[in-house]
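**Q** mmCIF, C-alpha atoms, file run-v7.cif:
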```cif
data_work
loop_
_atom_site.label_atom_id
_atom_site.label_comp_id
_atom_site.auth_asym_id
_atom_site.auth_seq_id
_atom_site.Cartn_x
_atom_site.Cartn_y
_atom_site.Cartn_z
CA MET D 1 -39.29 13.17 -0.71
CA GLY D 2 -36.39 15.23 0.59
CA ALA D 3 -33.27 13.64 2.00
CA GLY D 4 -34.05 15.03 5.44
CA GLU D 5 -37.46 13.29 5.59
CA ARG D 6 -36.44 9.68 5.06
CA THR D 7 -34.84 7.63 7.80
CA GLY D 8 -33.18 5.01 5.61
CA GLY D 9 -33.26 1.24 5.32
CA GLY D 10 -30.85 0.37 8.12
CA ALA D 11 -28.35 -2.51 8.06
CA TRP D 12 -28.08 -4.69 4.98
CA THR D 13 -26.39 -7.82 3.68
CA ARG D 14 -25.28 -8.22 0.09
CA ARG D 15 -25.71 -11.60 -1.55
CA GLY D 16 -24.41 -11.40 -5.11
CA GLU D 17 -26.75 -9.17 -7.10
CA TRP D 18 -29.23 -9.01 -4.21
CA LEU D 19 -29.50 -6.79 -1.16
CA GLU D 20 -31.13 -8.45 1.83
CA VAL D 21 -32.71 -6.64 4.79
CA THR D 22 -35.06 -7.46 7.68
CA PRO D 23 -37.39 -4.47 8.15
CA GLY D 24 -39.11 -6.13 11.11
CA LYS D 25 -42.67 -5.89 12.43
CA ILE D 26 -43.56 -2.94 10.23
CA ILE D 27 -43.87 -5.49 7.40
CA THR D 28 -44.23 -8.87 9.13
CA GLY D 29 -47.23 -7.55 11.04
CA ALA D 30 -48.91 -5.88 8.06
CA GLU D 31 -52.19 -7.11 6.58
CA ASP D 32 -51.20 -6.11 3.02
CA THR D 33 -47.53 -7.12 2.79
CA GLN D 34 -46.85 -5.86 -0.73
CA ALA D 35 -48.42 -2.45 -0.17
CA THR D 36 -46.52 -2.05 3.09
CA ILE D 37 -43.22 -3.03 1.43
CA ASP D 38 -43.84 -0.50 -1.34
CA LYS D 39 -44.62 2.24 1.18
CA TRP D 40 -41.54 1.39 3.24
CA LEU D 41 -39.27 1.46 0.18
CA LEU D 42 -40.67 4.73 -1.14
CA GLU D 43 -41.10 6.67 2.10
CA THR D 44 -38.64 5.28 4.63
CA VAL D 45 -35.80 4.19 2.35
CA GLY D 46 -36.42 6.94 -0.20
CA MET D 47 -36.25 4.68 -3.27
CA PRO D 48 -36.90 6.70 -6.45
CA GLU D 49 -40.30 5.85 -7.94
CA LYS D 50 -39.02 4.92 -11.42
CA LEU D 51 -36.51 2.46 -9.99
CA HIS D 52 -39.17 1.01 -7.68
CA LEU D 53 -41.58 0.47 -10.58
CA ARG D 54 -38.90 -1.21 -12.68
CA LEU D 55 -37.86 -3.54 -9.86
CA ARG D 56 -41.50 -4.51 -9.31
CA ARG D 57 -41.99 -5.13 -13.03
CA GLU D 58 -38.82 -7.24 -13.32
CA GLY D 59 -39.29 -9.30 -10.15
CA GLY D 60 -36.53 -7.45 -8.36
CA ILE D 61 -38.46 -7.13 -5.09
CA GLN D 62 -38.92 -10.40 -3.18
CA TRP D 63 -40.33 -11.15 0.29
CA LYS D 64 -39.25 -14.43 1.87
CA GLY D 65 -40.09 -15.20 5.48
CA ASP D 66 -39.04 -12.05 7.32
CA ARG D 67 -36.50 -10.93 4.72
CA LEU D 68 -36.81 -8.47 1.91
CA ARG D 69 -34.58 -9.03 -1.13
CA LEU D 70 -33.90 -6.33 -3.72
CA ALA D 71 -32.01 -6.73 -7.01
CA LEU D 72 -29.84 -3.63 -6.53
CA PHE D 73 -26.47 -4.97 -7.67
CA PRO D 74 -26.72 -6.20 -11.28
CA ASP D 75 -23.44 -6.51 -13.17
CA ARG D 76 -22.60 -3.42 -15.23
CA GLU D 77 -19.80 -2.49 -17.61
CA ALA D 78 -17.35 0.09 -16.24
CA GLY D 79 -17.93 2.36 -19.23
CA LEU D 80 -14.24 3.10 -19.83
CA GLU D 81 -10.92 1.29 -19.92
CA PRO D 82 -9.33 0.50 -16.54
CA ILE D 83 -5.87 1.87 -15.83
CA TRP D 84 -3.96 0.29 -12.98
CA GLU D 85 -2.31 3.05 -11.00
CA GLU D 86 -2.36 3.79 -7.28
CA LEU D 87 -5.77 4.84 -5.96
CA GLU D 88 -6.26 6.09 -2.41
CA VAL D 89 -9.67 4.92 -1.19
CA LEU D 90 -11.02 7.02 1.69
CA TYR D 91 -14.33 5.15 2.12
CA GLU D 92 -16.07 2.26 0.40
CA ASP D 93 -19.03 -0.07 0.87
CA ASP D 94 -21.59 -1.73 -1.43
CA PHE D 95 -23.22 1.59 -2.35
CA CYS D 96 -20.53 4.22 -2.65
CA LEU D 97 -16.83 4.89 -2.88
CA VAL D 98 -14.92 8.04 -1.93
CA ALA D 99 -11.47 8.36 -3.47
CA HIS D 100 -8.72 10.94 -3.03
CA LYS D 101 -7.98 12.93 -6.17
CA PRO D 102 -4.38 14.16 -6.39
CA ALA D 103 -3.32 17.36 -8.16
CA GLY D 104 -2.86 17.15 -11.92
CA LEU D 105 -5.44 14.40 -12.42
CA ALA D 106 -8.82 15.14 -14.03
CA VAL D 107 -11.88 13.38 -12.63
CA HIS D 108 -13.19 12.20 -16.01
CA PRO D 109 -12.08 12.04 -19.67
CA ASP D 110 -12.42 15.24 -21.71
CA GLY D 111 -13.41 13.47 -24.93
CA SER D 112 -9.95 13.59 -26.50
CA GLY D 113 -9.38 9.89 -25.83
CA THR D 114 -6.03 10.53 -24.17
CA GLY D 115 -4.85 10.91 -20.60
CA VAL D 116 -5.36 9.07 -17.34
CA THR D 117 -8.25 10.24 -15.13
CA LEU D 118 -9.57 9.34 -11.70
CA ASP D 119 -12.46 7.52 -13.42
CA HIS D 120 -9.94 5.19 -15.12
CA LEU D 121 -8.30 4.38 -11.77
CA VAL D 122 -11.67 3.72 -10.14
CA ALA D 123 -12.58 1.34 -13.01
CA ALA D 124 -9.40 -0.64 -12.32
CA HIS D 125 -10.12 -0.67 -8.58
CA TYR D 126 -13.55 -2.18 -9.15
CA ILE D 127 -12.11 -4.93 -11.36
CA THR D 128 -9.35 -5.67 -8.86
CA SER D 129 -12.04 -5.96 -6.17
CA GLY D 130 -13.96 -8.46 -8.33
CA GLU D 131 -16.89 -6.11 -8.93
CA ASN D 132 -18.62 -5.36 -12.22
CA VAL D 133 -19.62 -1.78 -11.52
CA ALA D 134 -20.26 1.22 -13.77
CA VAL D 135 -18.05 4.22 -12.97
CA ARG D 136 -20.39 7.00 -11.83
CA HIS D 137 -18.87 10.08 -10.17
CA ILE D 138 -21.37 12.24 -8.24
CA HIS D 139 -19.39 15.50 -8.33
CA ARG D 140 -16.12 16.83 -9.70
CA LEU D 141 -13.03 18.76 -8.67
CA ASP D 142 -10.84 20.98 -10.84
CA LYS D 143 -7.84 19.13 -12.27
CA ASP D 144 -5.38 20.79 -9.90
CA THR D 145 -7.60 20.77 -6.80
CA THR D 146 -6.97 17.89 -4.41
CA GLY D 147 -9.59 16.19 -2.25
CA PRO D 148 -12.32 13.54 -2.02
CA VAL D 149 -14.54 12.55 -4.94
CA MET D 150 -17.64 10.41 -4.41
CA TYR D 151 -18.76 7.59 -6.69
CA ALA D 152 -22.07 5.70 -6.71
CA LYS D 153 -21.69 1.94 -7.13
CA ASN D 154 -25.22 1.15 -8.30
CA GLU D 155 -28.23 2.85 -9.87
CA PHE D 156 -30.06 3.27 -6.56
CA ALA D 157 -27.10 5.08 -4.99
CA GLN D 158 -26.60 7.25 -8.06
CA LEU D 159 -30.23 8.40 -8.14
CA VAL D 160 -30.31 9.16 -4.41
CA LEU D 161 -26.93 10.91 -4.29
CA ASP D 162 -27.66 12.95 -7.43
CA GLU D 163 -30.88 14.15 -5.81
CA ASN D 164 -29.01 14.94 -2.59
CA MET D 165 -26.57 17.06 -4.58
CA ARG D 166 -29.48 18.97 -6.11
CA GLU D 167 -30.98 19.44 -2.64
CA LYS D 168 -27.57 20.65 -1.34
CA SER D 169 -27.60 18.06 1.45
CA ILE D 170 -24.10 16.83 0.53
CA SER D 171 -21.68 19.19 2.26
CA ARG D 172 -18.23 19.89 0.80
CA HIS D 173 -15.59 21.63 2.92
CA TYR D 174 -12.40 23.07 1.44
CA ALA D 175 -9.21 24.68 2.65
CA ALA D 176 -7.71 27.48 0.55
CA ILE D 177 -4.56 29.55 1.07
CA VAL D 178 -5.12 32.98 -0.43
CA GLU D 179 -3.38 36.31 -0.89
CA GLY D 180 -4.01 39.04 1.68
CA ILE D 181 -5.78 39.08 5.03
CA VAL D 182 -9.40 37.99 4.72
CA PRO D 183 -11.48 40.25 7.04
CA PRO D 184 -13.74 38.70 9.69
CA ALA D 185 -16.74 40.46 8.14
CA LEU D 186 -16.43 38.41 4.96
CA LYS D 187 -18.55 35.34 5.74
CA VAL D 188 -20.68 34.74 2.65
CA ILE D 189 -19.90 35.39 -1.01
CA ASP D 190 -23.18 35.34 -2.92
CA ALA D 191 -22.36 36.31 -6.49
CA PRO D 192 -23.49 34.70 -9.77
CA ILE D 193 -20.80 33.12 -11.95
CA GLY D 194 -20.73 33.02 -15.76
CA ARG D 195 -18.27 32.51 -18.57
CA ASP D 196 -15.62 35.12 -19.35
CA ARG D 197 -16.19 36.25 -22.95
CA HIS D 198 -12.53 37.20 -23.27
CA HIS D 199 -10.98 33.93 -22.04
CA ALA D 200 -12.35 30.47 -22.86
CA ALA D 201 -11.03 28.80 -19.69
CA ARG D 202 -11.98 31.52 -17.23
CA ARG D 203 -15.17 32.19 -15.32
CA ARG D 204 -16.16 35.52 -13.79
CA VAL D 205 -18.71 37.08 -11.49
CA SER D 206 -21.48 38.17 -13.84
CA PRO D 207 -25.04 39.44 -13.22
CA GLY D 208 -26.28 37.08 -15.93
CA GLY D 209 -24.44 34.04 -14.54
CA GLN D 210 -25.64 31.11 -12.46
CA SER D 211 -26.36 31.54 -8.77
CA ALA D 212 -23.27 30.76 -6.65
CA VAL D 213 -22.85 30.87 -2.86
CA THR D 214 -19.61 30.27 -0.93
CA ARG D 215 -19.46 30.37 2.88
CA ILE D 216 -16.26 31.16 4.79
CA ILE D 217 -16.57 29.24 8.04
CA GLU D 218 -13.07 29.74 9.50
CA ARG D 219 -10.03 31.89 8.74
CA GLU D 220 -6.44 32.20 9.94
CA ALA D 221 -4.19 35.16 9.20
CA LEU D 222 -0.74 34.24 7.88
CA HIS D 223 2.21 36.37 6.77
CA GLY D 224 1.29 37.55 3.29
CA GLY D 225 -1.92 35.59 3.13
CA SER D 226 -4.76 33.78 4.84
CA LEU D 227 -5.92 30.23 5.34
CA VAL D 228 -9.68 30.02 4.85
CA HIS D 229 -12.00 27.06 5.35
CA VAL D 230 -14.98 27.31 3.03
CA GLN D 231 -18.21 25.45 2.41
CA LEU D 232 -19.94 25.33 -0.97
CA GLU D 233 -23.68 25.73 -1.27
CA THR D 234 -23.47 25.47 -5.05
CA GLY D 235 -20.98 23.77 -7.33
CA ARG D 236 -20.15 26.12 -10.18
CA THR D 237 -16.99 25.67 -12.24
CA HIS D 238 -14.01 27.33 -10.46
CA GLN D 239 -16.44 28.71 -7.85
CA ILE D 240 -14.07 29.12 -4.89
CA ARG D 241 -11.30 30.45 -7.12
CA VAL D 242 -13.59 32.98 -8.84
CA HIS D 243 -15.30 34.15 -5.65
CA LEU D 244 -12.14 34.67 -3.60
CA SER D 245 -10.34 36.37 -6.49
CA HIS D 246 -13.37 38.63 -6.99
CA MET D 247 -13.10 39.67 -3.33
CA GLY D 248 -9.40 40.51 -3.76
CA HIS D 249 -8.02 37.25 -2.34
CA PRO D 250 -6.90 34.99 -5.20
CA LEU D 251 -5.50 31.57 -4.33
CA TYR D 252 -1.78 31.03 -4.14
CA GLY D 253 -0.60 29.47 -7.39
CA ASP D 254 -3.79 30.34 -9.29
CA GLU D 255 -2.29 32.04 -12.30
CA LEU D 256 -5.63 32.04 -14.14
CA TYR D 257 -7.20 34.30 -11.50
CA GLY D 258 -4.19 36.42 -10.53
CA GLY D 259 -2.84 34.49 -7.55
CA PRO D 260 0.75 34.81 -6.27
CA VAL D 261 3.35 32.23 -7.24
CA TRP D 262 4.35 29.37 -4.92
CA ALA D 263 6.54 26.29 -5.28
CA SER D 264 3.84 24.10 -6.82
CA SER D 265 2.77 26.80 -9.29
CA ALA D 266 5.23 25.43 -11.84
CA ALA D 267 2.98 22.39 -12.14
CA GLY D 268 -0.10 24.60 -12.47
CA ARG D 269 -1.22 23.83 -8.93
CA HIS D 270 -3.35 26.23 -6.91
CA ALA D 271 -3.64 26.03 -3.11
CA LEU D 272 -7.09 24.45 -2.80
CA HIS D 273 -7.89 21.15 -1.09
CA GLY D 274 -11.15 19.38 -0.31
CA GLU D 275 -10.88 18.59 3.40
CA ALA D 276 -14.10 16.70 3.99
CA LEU D 277 -17.27 15.38 2.41
CA SER D 278 -20.39 14.99 4.58
CA PHE D 279 -23.40 13.04 3.33
CA ARG D 280 -26.22 10.74 4.31
CA HIS D 281 -25.61 7.17 3.28
CA PRO D 282 -27.90 6.47 0.30
CA TRP D 283 -29.33 3.26 1.79
CA SER D 284 -28.97 3.39 5.59
CA GLY D 285 -29.53 7.13 6.01
CA GLU D 286 -26.57 7.31 8.41
CA GLN D 287 -24.79 10.66 8.43
CA LEU D 288 -21.18 10.14 7.32
CA GLU D 289 -18.17 12.43 7.12
CA VAL D 290 -15.14 11.41 5.08
CA SER D 291 -12.00 13.45 5.72
CA ASP D 292 -9.04 13.81 3.38
CA PRO D 293 -5.71 14.88 4.98
CA TRP D 294 -3.91 17.88 3.53
CA PRO D 295 -1.38 17.15 0.77
CA GLU D 296 2.27 17.81 1.52
CA ASP D 297 2.60 20.86 -0.75
CA MET D 298 -0.16 22.78 1.05
CA LEU D 299 1.26 21.84 4.45
CA GLN D 300 4.60 23.27 3.34
CA LEU D 301 3.00 26.47 2.02
CA ARG D 302 1.10 27.01 5.26
CA GLU D 303 4.29 26.49 7.27
CA LEU D 304 6.19 28.89 5.02
CA LEU D 305 3.58 31.62 5.42
CA SER D 306 3.29 30.99 9.17
CA GLU D 307 6.93 31.90 9.73
CA ALA D 308 7.71 35.47 10.65
CA PRO D 309 9.27 37.45 7.77
#
```
In C-alpha cells, what does this structure look like?
**A**
Amino acid sequence: MGAGERTGGGAWTRRGEWLEVTPGKIITGAEDTQATIDKWLLETVGMPEKLHLRLRREGGIQWKGDRLRLALFPDREAGLEPIWEELEVLYEDDFCLVAHKPAGLAVHPDGSGTGVTLDHLVAAHYITSGENVAVRHIHRLDKDTTGPVMYAKNEFAQLVLDENMREKSISRHYAAIVEGIVPPALKVIDAPIGRDRHHAARRRVSPGGQSAVTRIIEREALHGGSLVHVQLETGRTHQIRVHLSHMGHPLYGDELYGGPVWASSAAGRHALHGEALSFRHPWSGEQLEVSDPWPEDMLQLRELLSEAP
C-alpha cells in the first residue's frame, strides 16, 4: 500500500513498551473483531505485513474493551557508543526524531572506529531521555552539508519511513549558494550520476549512472552568484553538488566540484543547507514539515553577495 493511500492510526498513548489507541466503532461494532483489527492495521495504519504477522505470533496485538494495544516499543540496544555532546533536536515524539546536523559532522561511522558522528550524539540523547532505542537514521547528508536528519525510534517507524523514502513521499528542500546567475529556464536537472573513475571521492554525470532528478523551485540573483532553493526527487551521493556543477553553477566552497572560495572553505564547507523536511507521520498519517534555520556562515555569505560591488 502506498503512503498516499493510508489515512493513519490517529492519536495514540504510549504505555511502556505498548502503544494504545481507540479506533472506535469500526472495530467495536464489528462481528469479527480480530479480522477487522488486522484489516485496520494493514490498510488504514499501513503496518507492514511481516511486522503484523510477527506481532500476532508473539501476542503483541491485544484488544481490551475498546482499546487496541500494540507492542511497538520493545527495548533495543543503541548499536553504538553514546557520546555526550550538544544535539539540536528539531522534532521528536515516540516514533521519530529529527535532529540538526552541523557542518563537519558525519551522520554515521565510516567503519574506522574513530570520530564523533551524529548517530553517536543521538544515542546519548536517547539514553539521557531514559529510552532504550536503536539508532536508525532514515537518510543522510554529506559531512559538510547542514540540515535536518530523520531517525526512526522503533521498527514500525523504520519500515514505514524507509518505504516512504523509496516512494519519494518524503520531501527534502535545500538552499544552495552557487557561482553565476542561474537562468529562469533551468527548472529540472535530470541527469544520471555515477562514480568518477579518475577520483575516488567524486561523482559525475554519467550515462551509465543511477537516475537522479533535482528540481529548482526558487532562485535569487546575487552579485557573483545565485541563491537557489532545490528539491530532491532522488538521493544520490553529492547529487545537488554534481548537478549544479554540471550545469556550470558549482556551490561556493565546493572545492571538489570547482566552486569558488568563501570564508568557510578553509574548513571544507560548501554552501548547502537542508531547509526543511516534509513527511507523513509514520503512525498518525499527519503531514508534518520540520524546518531548520540557516546556519550563520550561509547567512553571512548571502549578505556578502547581496551587497553591491
**Q** Do you have the atom CA of Thr128 of chain D-atom CA of Cys96 of chain D distance handy?
**A** 16.2 Å
**Q** Using the chain letters and numbers from the file, give me the residues hit by the PyMOL selection byres ((chain D and resi 37) around 12), as an mmCIF file with C-alpha atoms, keeping the file's coordinate frame.
**A**
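Output (selection20.cif):
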```
data_model
loop_
_atom_site.group_PDB
_atom_site.id
_atom_site.type_symbol
_atom_site.label_atom_id
_atom_site.label_comp_id
_atom_site.auth_asym_id
_atom_site.auth_seq_id
_atom_site.Cartn_x
_atom_site.Cartn_y
_atom_site.Cartn_z
ATOM 1 C CA GLY D 9 -33.260 1.240 5.320
ATOM 2 C CA VAL D 21 -32.710 -6.640 4.790
ATOM 3 C CA THR D 22 -35.060 -7.460 7.680
ATOM 4 C CA PRO D 23 -37.390 -4.470 8.150
ATOM 5 C CA GLY D 24 -39.110 -6.130 11.110
ATOM 6 C CA LYS D 25 -42.670 -5.890 12.430
ATOM 7 C CA ILE D 26 -43.560 -2.940 10.230
ATOM 8 C CA ILE D 27 -43.870 -5.490 7.400
ATOM 9 C CA THR D 28 -44.230 -8.870 9.130
ATOM 10 C CA GLY D 29 -47.230 -7.550 11.040
ATOM 11 C CA ALA D 30 -48.910 -5.880 8.060
ATOM 12 C CA GLU D 31 -52.190 -7.110 6.580
ATOM 13 C CA ASP D 32 -51.200 -6.110 3.020
ATOM 14 C CA THR D 33 -47.530 -7.120 2.790
ATOM 15 C CA GLN D 34 -46.850 -5.860 -0.730
ATOM 16 C CA ALA D 35 -48.420 -2.450 -0.170
ATOM 17 C CA THR D 36 -46.520 -2.050 3.090
ATOM 18 C CA ASP D 38 -43.840 -0.500 -1.340
ATOM 19 C CA LYS D 39 -44.620 2.240 1.180
ATOM 20 C CA TRP D 40 -41.540 1.390 3.240
ATOM 21 C CA LEU D 41 -39.270 1.460 0.180
ATOM 22 C CA LEU D 42 -40.670 4.730 -1.140
ATOM 23 C CA GLU D 43 -41.100 6.670 2.100
ATOM 24 C CA THR D 44 -38.640 5.280 4.630
ATOM 25 C CA VAL D 45 -35.800 4.190 2.350
ATOM 26 C CA MET D 47 -36.250 4.680 -3.270
ATOM 27 C CA HIS D 52 -39.170 1.010 -7.680
ATOM 28 C CA ARG D 56 -41.500 -4.510 -9.310
ATOM 29 C CA ILE D 61 -38.460 -7.130 -5.090
ATOM 30 C CA GLN D 62 -38.920 -10.400 -3.180
ATOM 31 C CA TRP D 63 -40.330 -11.150 0.290
ATOM 32 C CA ASP D 66 -39.040 -12.050 7.320
ATOM 33 C CA ARG D 67 -36.500 -10.930 4.720
ATOM 34 C CA LEU D 68 -36.810 -8.470 1.910
ATOM 35 C CA ARG D 69 -34.580 -9.030 -1.130
ATOM 36 C CA LEU D 70 -33.900 -6.330 -3.720
#
```
**Q** Closest to Ala157 of chain D among D:Arg136, D:His125, D:His273, D:His199, using all atoms listed in the file?
**A**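 Once distances to Ala157 of chain D are computed over all atoms listed in the file, the minimum belongs to D:Arg136.
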**Q** Can you spell out as a list in words the set of residues that the PyMOL selection byres ((chain D and resi 148) around 9) selects in the structure I just provided?
**A**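 What the PyMOL selection byres ((chain D and resi 148) around 9) grabs from the file is Leu90, Val98, Ala99, His100, Lys101, Leu141, Thr146, Gly147, Val149, Met150, His273, Gly274, Glu275, Ala276, Leu277, Val290, Ser291 and Asp292 of chain D.
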**Q** I need the chosen residues saved as a PDB file, in the coordinates of the input, with C-alpha atoms.
**A**
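The new file again37.pdb reads:
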```pdb
ATOM      1  CA  LEU D  90     -11.020   7.020   1.690  1.00  0.00           C
ATOM      2  CA  VAL D  98     -14.920   8.040  -1.930  1.00  0.00           C
ATOM      3  CA  ALA D  99     -11.470   8.360  -3.470  1.00  0.00           C
ATOM      4  CA  HIS D 100      -8.720  10.940  -3.030  1.00  0.00           C
ATOM      5  CA  LYS D 101      -7.980  12.930  -6.170  1.00  0.00           C
ATOM      6  CA  LEU D 141     -13.030  18.760  -8.670  1.00  0.00           C
ATOM      7  CA  THR D 146      -6.970  17.890  -4.410  1.00  0.00           C
ATOM      8  CA  GLY D 147      -9.590  16.190  -2.250  1.00  0.00           C
ATOM      9  CA  VAL D 149     -14.540  12.550  -4.940  1.00  0.00           C
ATOM     10  CA  MET D 150     -17.640  10.410  -4.410  1.00  0.00           C
ATOM     11  CA  HIS D 273      -7.890  21.150  -1.090  1.00  0.00           C
ATOM     12  CA  GLY D 274     -11.150  19.380  -0.310  1.00  0.00           C
ATOM     13  CA  GLU D 275     -10.880  18.590   3.400  1.00  0.00           C
ATOM     14  CA  ALA D 276     -14.100  16.700   3.990  1.00  0.00           C
ATOM     15  CA  LEU D 277     -17.270  15.380   2.410  1.00  0.00           C
ATOM     16  CA  VAL D 290     -15.140  11.410   5.080  1.00  0.00           C
ATOM     17  CA  SER D 291     -12.000  13.450   5.720  1.00  0.00           C
ATOM     18  CA  ASP D 292      -9.040  13.810   3.380  1.00  0.00           C
TER      19      ASP D 292
END
```
**Q** From the list D:Gly235, D:Pro295, D:Gly8, D:Pro282, which residue is nearest Asp93 of chain D when using all atoms listed in the file?
**A**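 Result for the nearest residue to Asp93 of chain D: D:Pro282.
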**Q** Residue by residue, what does the PyMOL selection byres ((chain D and resi 258-264) around 12) grab here? Present the result as JSON, numbers by chain.
**A** {"D": [103, 104, 144, 145, 176, 177, 178, 179, 180, 202, 224, 225, 241, 242, 244, 245, 246, 247, 248, 249, 250, 251, 252, 253, 254, 255, 256, 257, 265, 266, 267, 268, 269, 270, 271, 272, 295, 296, 297, 298, 299, 300, 301, 302, 304, 305]}
**Q** Excluding same-chain residues fewer than 3 positions from segment 207-223 of chain D, what lies within 8 Å of it counting all atoms listed in the file, as JSON, numbers by chain?
**A** {"D": [181, 182, 184, 186, 187, 188, 189, 190, 191, 192, 193, 194, 195, 226, 227, 228, 229, 230, 231, 232, 233, 234, 235, 236, 239, 240, 243, 302, 305, 306, 307, 308, 309]}
**Q** Mind writing the picked residues with C-alpha atoms as a compact mmCIF listing (two decimals), in the coordinates of the input?
**A**
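Contents of selection.txt, as written:
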```txt
# COMPACT_ATOMS: atom_id res chain seq x y z
CA ILE D 181 -5.78 39.08 5.03
CA VAL D 182 -9.40 37.99 4.72
CA PRO D 184 -13.74 38.70 9.69
CA LEU D 186 -16.43 38.41 4.96
CA LYS D 187 -18.55 35.34 5.74
CA VAL D 188 -20.68 34.74 2.65
CA ILE D 189 -19.90 35.39 -1.01
CA ASP D 190 -23.18 35.34 -2.92
CA ALA D 191 -22.36 36.31 -6.49
CA PRO D 192 -23.49 34.70 -9.77
CA ILE D 193 -20.80 33.12 -11.95
CA GLY D 194 -20.73 33.02 -15.76
CA ARG D 195 -18.27 32.51 -18.57
CA SER D 226 -4.76 33.78 4.84
CA LEU D 227 -5.92 30.23 5.34
CA VAL D 228 -9.68 30.02 4.85
CA HIS D 229 -12.00 27.06 5.35
CA VAL D 230 -14.98 27.31 3.03
CA GLN D 231 -18.21 25.45 2.41
CA LEU D 232 -19.94 25.33 -0.97
CA GLU D 233 -23.68 25.73 -1.27
CA THR D 234 -23.47 25.47 -5.05
CA GLY D 235 -20.98 23.77 -7.33
CA ARG D 236 -20.15 26.12 -10.18
CA GLN D 239 -16.44 28.71 -7.85
CA ILE D 240 -14.07 29.12 -4.89
CA HIS D 243 -15.30 34.15 -5.65
CA ARG D 302 1.10 27.01 5.26
CA LEU D 305 3.58 31.62 5.42
CA SER D 306 3.29 30.99 9.17
CA GLU D 307 6.93 31.90 9.73
CA ALA D 308 7.71 35.47 10.65
CA PRO D 309 9.27 37.45 7.77
```
**Q** What's the separation between atom CA of Gly115 of chain D and atom CA of Trp84 of chain D, in Å to one decimal place?
**A**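 One can read the atom CA of Gly115 of chain D to atom CA of Trp84 of chain D distance as 13.1 Å.
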**Q** Could you please determine the separation between atom CA of Ala123 of chain D and atom CA of Leu55 of chain D in Å, to one decimal place?
**A** 25.9 Å
